[in-house]
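Working notes, beginning with the structure itself.
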Amino acid sequence: MPYTYPPAAPTISGDNITISRFLKDPTLIARRLRTLAEQRFISDVLLTGRFDATGGAITYESGESMYSDRAPEAVAPGGEYPLTSIGEGNAQVAKTVKWGRDSEITDESIARRKMDPVNRALIKQVNQMVKTIDATALAVIASQVTQSTAATASWSGGSAVILRDVLKAVANIRALNEGFEPDTIVVDDLTWAIVMSDTQISQLLKREDGLAPVYTGNFPTIAGLRFLPTPNLPVAGNAFIVDSGQLGGMADEKLGGPGYVSAGGGIPGVEVKTLRDEDKDLYRLRSRRVTVPVVVEPKAAWKITGI
């Protein structure tokens with residue numbers, strides 16, 4: 001994906017001064033990191049709430065009912081309205097963790113390979129951060145979501161009824177009558193490939209518009225659900241149907257500090273910093289995110305096991 005920032009972005013054919021100028025400006029590094037990482041964090045897609053963990057922790061209530069403790073009653077003319085208490089959820093406390101990593105880029109590597117070592121360092125840092133934080137968030141979701149049903153049959157077998165299993169889980173969430181509306185299903189990469197190639201589902205897709213998976217490699221929205229594959233599910237063989245608007249959020253702590261710049265965009269909690277080590281003739285690229293995943297409404301998700 002091309003990027004252009006003021007001042008002029010470094011080019012692969014440019015000289016070392018241009019690349020050094022890029023490395024000395026943390027704002028440019030932050031924008032480049034955002035370009036690489038935006039839309040990569042599945043944790044931020046499933047946990048869409050944005051919370052501030054001031055002081056390194058966040059207190060929240062989990063599993064709060066959407067109803068008052070008593071139903072409304074008929075009120076006689078001139079009569080007093082009956083009172084009802086408003087129940088609260090279970091109090092929870094979550095502590096943030098500072099996830100970070102430095103990478104060293106020597107003057108020799110820049111002189112010999114131009115911008116390549118910078119890009120490779122950023123890409124690898126992004127990949128590792130996504131892997132670590134997503135695995136943590138998905139493990140939290142898996143531990144908090146206890147509602148589940150077993151698949152009718154293994155989705156890789158000939159007797160699988162994938163769409164029916166998914167719709168039954170959606171119906172179970174709606175039947176709670178808590179106002180949840182599932183919009184996302186999360187599966188591992190192998191299961192995603194099985195679903196994409198399922199003949200029962202493919203027969204129900206439109207062929208005229210050329211948007212079927214056989215043409216695009218992308219899975220369309222089915223029954224109002226977007227399919228998200230990830231290699232970071234803690235347990236294979238499970239699928240999660242989620243109301244991403246109500247499940248929870250990511251609580252980020254803003255540490256600040258001299259030289260740190262927020263990547264912003266779709267990864268608001270990620271900060272970067274560049275340091276020049278004149279004694280070793282190298283730059284250090286640092287990225288960090290101080291965050292903790294928070295599940296506020298565990299009933300907003302349903303687990304399908306044995307897929």
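Residue numbering restarts at 1 in every chain; chains get A, B, ... in the order shown in the structure tokens, and ligands count up from 1 in that same order.
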Helix (DSSP H, G or I) residues, from DSSP on the backbone, in region 69-234 of chain A, as number ranges by chain | A: 107-113, 116-144, 162-175, 189-196, 199-202, 213-216
Which residues are near Leu282 (chain A)? Cut-off 8 Å, only C-alpha atoms, ignore same chain within fewer than 4 positions. Put them as a CSV table (one decimal) with C-alpha atoms, in the first residue's frame.
```
chain,number,residue,atom,x,y,z
A,104,GLU,CA,17.9,-2.7,15.7
A,105,ILE,CA,18.7,-1.4,12.2
A,106,THR,CA,22.4,-0.8,11.6
A,107,ASP,CA,23.9,1.8,9.3
A,276,ARG,CA,19.6,6.7,17.7
A,277,ASP,CA,22.6,4.8,19.2
A,278,GLU,CA,25.6,6.7,18.1
```
Using only C-alpha atoms, which residues of region 177-234 of chain A come within 10 Å of region 52-67 of chain A, and what is the closest atom pair for each, with the distance in Å to one decimal? Give it as CSV, sorted by chain and residue number.
```
residue,atom,partner,partner_atom,distance
A:Asn177,CA,A:Met66,CA,9.2
A:Glu178,CA,A:Met66,CA,6.1
A:Gly179,CA,A:Met66,CA,7.8
```
Same residues, C-alpha atoms, saved as an mmCIF file, in the first residue's frame:
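Heads up, here's the output in out06.cif:
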```
data_model
loop_
_atom_site.group_PDB
_atom_site.id
_atom_site.type_symbol
_atom_site.label_atom_id
_atom_site.label_comp_id
_atom_site.auth_asym_id
_atom_site.auth_seq_id
_atom_site.Cartn_x
_atom_site.Cartn_y
_atom_site.Cartn_z
ATOM 1 C CA ASN A 177 -34.035 -11.381 24.695
ATOM 2 C CA GLU A 178 -31.217 -9.181 25.965
ATOM 3 C CA GLY A 179 -31.013 -7.026 22.852
#
```
May I ask for the distance between CA of Gln203 (chain A) and CA of Asp188 (chain A), given in Å to one decimal place?
->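 According to the coordinates, CA of Gln203 (chain A) and CA of Asp188 (chain A) are separated by 22.9 Å.
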Take CA of Phe240 (chain A) and CA of Arg174 (chain A) and report the distance between them in Å, one decimal.
->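 So the two atoms, CA of Phe240 (chain A) and CA of Arg174 (chain A), lie 14.8 Å apart.
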What is the CA of Leu255 (chain A) to CA of Glu271 (chain A) distance in Å?
->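 We find that CA of Leu255 (chain A) and CA of Glu271 (chain A) lie 9.4 Å from each other.
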Using only C-alpha atoms, which protein or nucleic acid residues come within 7 Å of region 223-229 of chain A? Drop anything in the same chain fewer than 5 positions from it, and give the result as a JSON list (two decimals) with C-alpha atoms, in the first residue's frame.
```
[["chain", "number", "residue", "atom", "x", "y", "z"],
["A", 183, "ASP", "CA", -22.88, -9.74, 13.38],
["A", 184, "THR", "CA", -19.61, -11.72, 13.29],
["A", 185, "ILE", "CA", -18.42, -15.32, 13.31],
["A", 186, "VAL", "CA", -14.79, -16.14, 14.12],
["A", 187, "VAL", "CA", -13.14, -19.37, 13.01],
["A", 188, "ASP", "CA", -9.61, -20.67, 12.50],
["A", 189, "ASP", "CA", -8.05, -20.54, 9.03],
["A", 192, "TRP", "CA", -12.66, -20.83, 7.08]]
```
If you run DSSP on this backbone, which residues of region 28-219 of chain A come out as strand (DSSP E), and could you give them as JSON, numbers by chain?
-> {"A": [49, 50, 51, 52, 57, 58, 59, 60, 61, 62, 90, 91, 92, 93, 94, 95, 97, 98, 99, 100, 101, 102, 103, 104, 105, 106, 148, 149, 150, 184, 185, 186, 187]}
Those selected residues, please, written with N, CA, C and O atoms and delivered as a compact mmCIF listing (two decimals), in the first residue's frame.
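Ended up saving to part34.txt:
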```txt
# COMPACT_ATOMS: atom_id res chain seq x y z
N GLY A 49 -15.48 -1.68 21.97
CA GLY A 49 -15.47 -0.60 22.95
C GLY A 49 -14.08 -0.06 23.16
O GLY A 49 -13.09 -0.78 23.07
N ARG A 50 -13.98 1.23 23.42
CA ARG A 50 -12.69 1.87 23.66
C ARG A 50 -12.71 2.48 25.05
O ARG A 50 -13.43 3.44 25.31
N PHE A 51 -11.91 1.89 25.95
CA PHE A 51 -11.89 2.32 27.35
C PHE A 51 -10.52 2.87 27.69
O PHE A 51 -9.50 2.44 27.14
N ASP A 52 -10.48 3.80 28.63
CA ASP A 52 -9.22 4.35 29.14
C ASP A 52 -8.89 3.68 30.46
O ASP A 52 -9.67 3.75 31.42
N ALA A 57 -5.32 0.18 35.36
CA ALA A 57 -6.36 -0.81 35.57
C ALA A 57 -7.71 -0.20 35.23
O ALA A 57 -7.86 1.03 35.16
N ILE A 58 -8.69 -1.05 35.01
CA ILE A 58 -10.05 -0.59 34.73
C ILE A 58 -11.02 -1.42 35.55
O ILE A 58 -10.88 -2.64 35.67
N THR A 59 -12.00 -0.75 36.12
CA THR A 59 -13.07 -1.42 36.86
C THR A 59 -14.33 -1.37 36.01
O THR A 59 -14.69 -0.31 35.49
N TYR A 60 -14.99 -2.51 35.87
CA TYR A 60 -16.19 -2.55 35.04
C TYR A 60 -17.15 -3.59 35.59
O TYR A 60 -16.80 -4.37 36.49
N GLU A 61 -18.36 -3.59 35.07
CA GLU A 61 -19.37 -4.55 35.48
C GLU A 61 -19.66 -5.49 34.33
O GLU A 61 -19.84 -5.05 33.19
N SER A 62 -19.71 -6.76 34.61
CA SER A 62 -19.89 -7.78 33.58
C SER A 62 -21.23 -8.49 33.78
O SER A 62 -21.62 -8.81 34.91
N ASN A 90 -21.66 -8.06 37.79
CA ASN A 90 -20.57 -8.44 38.68
C ASN A 90 -19.38 -7.50 38.48
O ASN A 90 -18.93 -7.29 37.36
N ALA A 91 -18.89 -6.93 39.58
CA ALA A 91 -17.76 -6.02 39.50
C ALA A 91 -16.49 -6.78 39.13
O ALA A 91 -16.21 -7.85 39.68
N GLN A 92 -15.75 -6.23 38.18
CA GLN A 92 -14.52 -6.85 37.70
C GLN A 92 -13.42 -5.80 37.64
O GLN A 92 -13.68 -4.61 37.45
N VAL A 93 -12.19 -6.23 37.80
CA VAL A 93 -11.03 -5.35 37.65
C VAL A 93 -10.06 -6.02 36.69
O VAL A 93 -9.75 -7.21 36.84
N ALA A 94 -9.59 -5.27 35.73
CA ALA A 94 -8.61 -5.78 34.77
C ALA A 94 -7.39 -4.86 34.77
O ALA A 94 -7.53 -3.63 34.76
N LYS A 95 -6.22 -5.45 34.81
CA LYS A 95 -4.96 -4.70 34.83
C LYS A 95 -4.30 -4.75 33.47
O LYS A 95 -4.25 -5.79 32.82
N VAL A 97 -1.36 -4.61 30.55
CA VAL A 97 -0.02 -5.16 30.34
C VAL A 97 0.67 -4.34 29.25
O VAL A 97 0.05 -4.02 28.24
N LYS A 98 1.91 -4.02 29.47
CA LYS A 98 2.68 -3.27 28.45
C LYS A 98 3.38 -4.27 27.54
O LYS A 98 4.32 -4.95 27.95
N TRP A 99 2.89 -4.37 26.31
CA TRP A 99 3.49 -5.24 25.31
C TRP A 99 4.38 -4.39 24.42
O TRP A 99 3.94 -3.37 23.87
N GLY A 100 5.64 -4.78 24.23
CA GLY A 100 6.53 -3.97 23.41
C GLY A 100 7.73 -4.75 22.93
O GLY A 100 8.02 -5.85 23.39
N ARG A 101 8.42 -4.15 21.97
CA ARG A 101 9.60 -4.78 21.39
C ARG A 101 10.43 -3.73 20.68
O ARG A 101 9.92 -2.79 20.10
N ASP A 102 11.76 -3.89 20.75
CA ASP A 102 12.70 -3.05 19.99
C ASP A 102 13.32 -3.86 18.87
O ASP A 102 13.48 -5.09 18.98
N SER A 103 13.66 -3.18 17.79
CA SER A 103 14.42 -3.78 16.69
C SER A 103 15.57 -2.86 16.35
O SER A 103 15.41 -1.63 16.33
N GLU A 104 16.73 -3.44 16.08
CA GLU A 104 17.91 -2.65 15.73
C GLU A 104 18.13 -2.67 14.23
O GLU A 104 18.03 -3.73 13.59
N ILE A 105 18.42 -1.51 13.66
CA ILE A 105 18.72 -1.38 12.24
C ILE A 105 20.05 -0.67 12.11
O ILE A 105 20.19 0.51 12.48
N THR A 106 21.03 -1.36 11.63
CA THR A 106 22.39 -0.81 11.55
C THR A 106 22.56 0.08 10.33
O THR A 106 21.83 -0.04 9.34
N SER A 148 -22.81 -22.46 24.80
CA SER A 148 -22.32 -23.22 23.66
C SER A 148 -23.31 -24.28 23.23
O SER A 148 -24.14 -24.73 24.02
N THR A 149 -23.19 -24.68 21.97
CA THR A 149 -23.89 -25.85 21.43
C THR A 149 -22.91 -26.59 20.54
O THR A 149 -21.99 -25.99 19.98
N ALA A 150 -23.12 -27.88 20.43
CA ALA A 150 -22.25 -28.69 19.58
C ALA A 150 -22.74 -28.66 18.15
O ALA A 150 -23.95 -28.57 17.89
N THR A 184 -20.93 -11.20 13.66
CA THR A 184 -19.61 -11.72 13.29
C THR A 184 -19.47 -13.17 13.73
O THR A 184 -19.97 -13.55 14.79
N ILE A 185 -18.79 -13.96 12.91
CA ILE A 185 -18.42 -15.32 13.31
C ILE A 185 -16.92 -15.47 13.12
O ILE A 185 -16.37 -15.09 12.08
N VAL A 186 -16.24 -16.00 14.13
CA VAL A 186 -14.79 -16.14 14.12
C VAL A 186 -14.44 -17.62 14.08
O VAL A 186 -14.95 -18.41 14.89
N VAL A 187 -13.58 -17.98 13.15
CA VAL A 187 -13.14 -19.37 13.01
C VAL A 187 -11.63 -19.38 12.74
O VAL A 187 -11.04 -18.34 12.43
```
Go through A:Pro231, A:Gly249, A:Gly259, A:Pro182 one by one, measure the shortest atom-to-atom distance of each to Lys131 (chain A) using only C-alpha atoms, and give the residue with the smallest value.
->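 Using only C-alpha atoms, the shortest distance to Lys131 (chain A) belongs to A:Pro231.
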Pick out the residues sitting within 10 Å of Thr27 (chain A), and hand them over as an MDAnalysis selection string; count only C-alpha atoms, and ignore anything fewer than 2 positions along from it in its own chain.
-> chainID A and resid 5 22:25 29:33 259:263 271:274
Can you tell me, as a list of chain:residue names, what residues are no more than 12 Å from Leu204 (chain A) when counting only C-alpha atoms, ignoring any on the same chain fewer than 3 positions away?
-> A:Leu163, A:Asp198, A:Thr199, A:Gln200, A:Ile201, A:Arg207, A:Ala212, A:Pro220, A:Ile222, A:Ala223
Same residues, N, CA and C atoms, saved as a PDB file, in the first residue's frame:
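Result file is out-v4.pdb:
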```
ATOM      1  N   LEU A 163     -24.518 -23.893   7.785  1.00  0.00           N
ATOM      2  CA  LEU A 163     -25.392 -22.725   7.887  1.00  0.00           C
ATOM      3  C   LEU A 163     -26.445 -22.929   8.977  1.00  0.00           C
ATOM      4  N   ASP A 198     -17.712 -25.038   1.066  1.00  0.00           N
ATOM      5  CA  ASP A 198     -18.868 -25.895   1.328  1.00  0.00           C
ATOM      6  C   ASP A 198     -19.870 -25.796   0.181  1.00  0.00           C
ATOM      7  N   THR A 199     -20.227 -26.922  -0.398  1.00  0.00           N
ATOM      8  CA  THR A 199     -21.108 -26.923  -1.580  1.00  0.00           C
ATOM      9  C   THR A 199     -22.519 -26.470  -1.245  1.00  0.00           C
ATOM     10  N   GLN A 200     -23.006 -26.786  -0.053  1.00  0.00           N
ATOM     11  CA  GLN A 200     -24.360 -26.371   0.313  1.00  0.00           C
ATOM     12  C   GLN A 200     -24.474 -24.850   0.365  1.00  0.00           C
ATOM     13  N   ILE A 201     -23.443 -24.210   0.913  1.00  0.00           N
ATOM     14  CA  ILE A 201     -23.471 -22.748   0.993  1.00  0.00           C
ATOM     15  C   ILE A 201     -23.246 -22.131  -0.382  1.00  0.00           C
ATOM     16  N   ARG A 207     -24.260 -15.985  -8.424  1.00  0.00           N
ATOM     17  CA  ARG A 207     -23.123 -16.228  -9.313  1.00  0.00           C
ATOM     18  C   ARG A 207     -22.921 -15.099 -10.316  1.00  0.00           C
ATOM     19  N   ALA A 212     -18.667 -14.326  -5.597  1.00  0.00           N
ATOM     20  CA  ALA A 212     -18.590 -15.593  -4.876  1.00  0.00           C
ATOM     21  C   ALA A 212     -17.134 -15.886  -4.513  1.00  0.00           C
ATOM     22  N   PRO A 220     -18.341 -13.714   1.499  1.00  0.00           N
ATOM     23  CA  PRO A 220     -19.308 -12.628   1.663  1.00  0.00           C
ATOM     24  C   PRO A 220     -20.025 -12.735   2.994  1.00  0.00           C
ATOM     25  N   ILE A 222     -22.909 -13.645   5.241  1.00  0.00           N
ATOM     26  CA  ILE A 222     -23.939 -14.673   5.158  1.00  0.00           C
ATOM     27  C   ILE A 222     -24.866 -14.525   6.349  1.00  0.00           C
ATOM     28  N   ALA A 223     -26.166 -14.422   6.081  1.00  0.00           N
ATOM     29  CA  ALA A 223     -27.170 -14.305   7.147  1.00  0.00           C
ATOM     30  C   ALA A 223     -26.838 -13.149   8.099  1.00  0.00           C
TER      31      ALA A 223
END
```
Can you work out which one of A:Ser109, A:Ser159, A:Gln147, A:Ser154 has the shortest atom-to-atom distance to Trp302 (chain A), counting only C-alpha atoms?
->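 Under the stated criterion, the closest residue is A:Gln147.
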Between A:Ala169, A:Thr96, A:Asn232, A:Leu46, which one has atoms that come closest to Lys254 (chain A), using only C-alpha atoms?
-> A:Thr96
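Once Val295 (chain A) and its same-chain neighbours fewer than 3 positions away are set aside, Leu47, Ser62, Val140, Ile141, Gln144, Leu247, Gly248, Gly249 and Pro298 of chain A remain within 8 Å of it when counting only C-alpha atoms.
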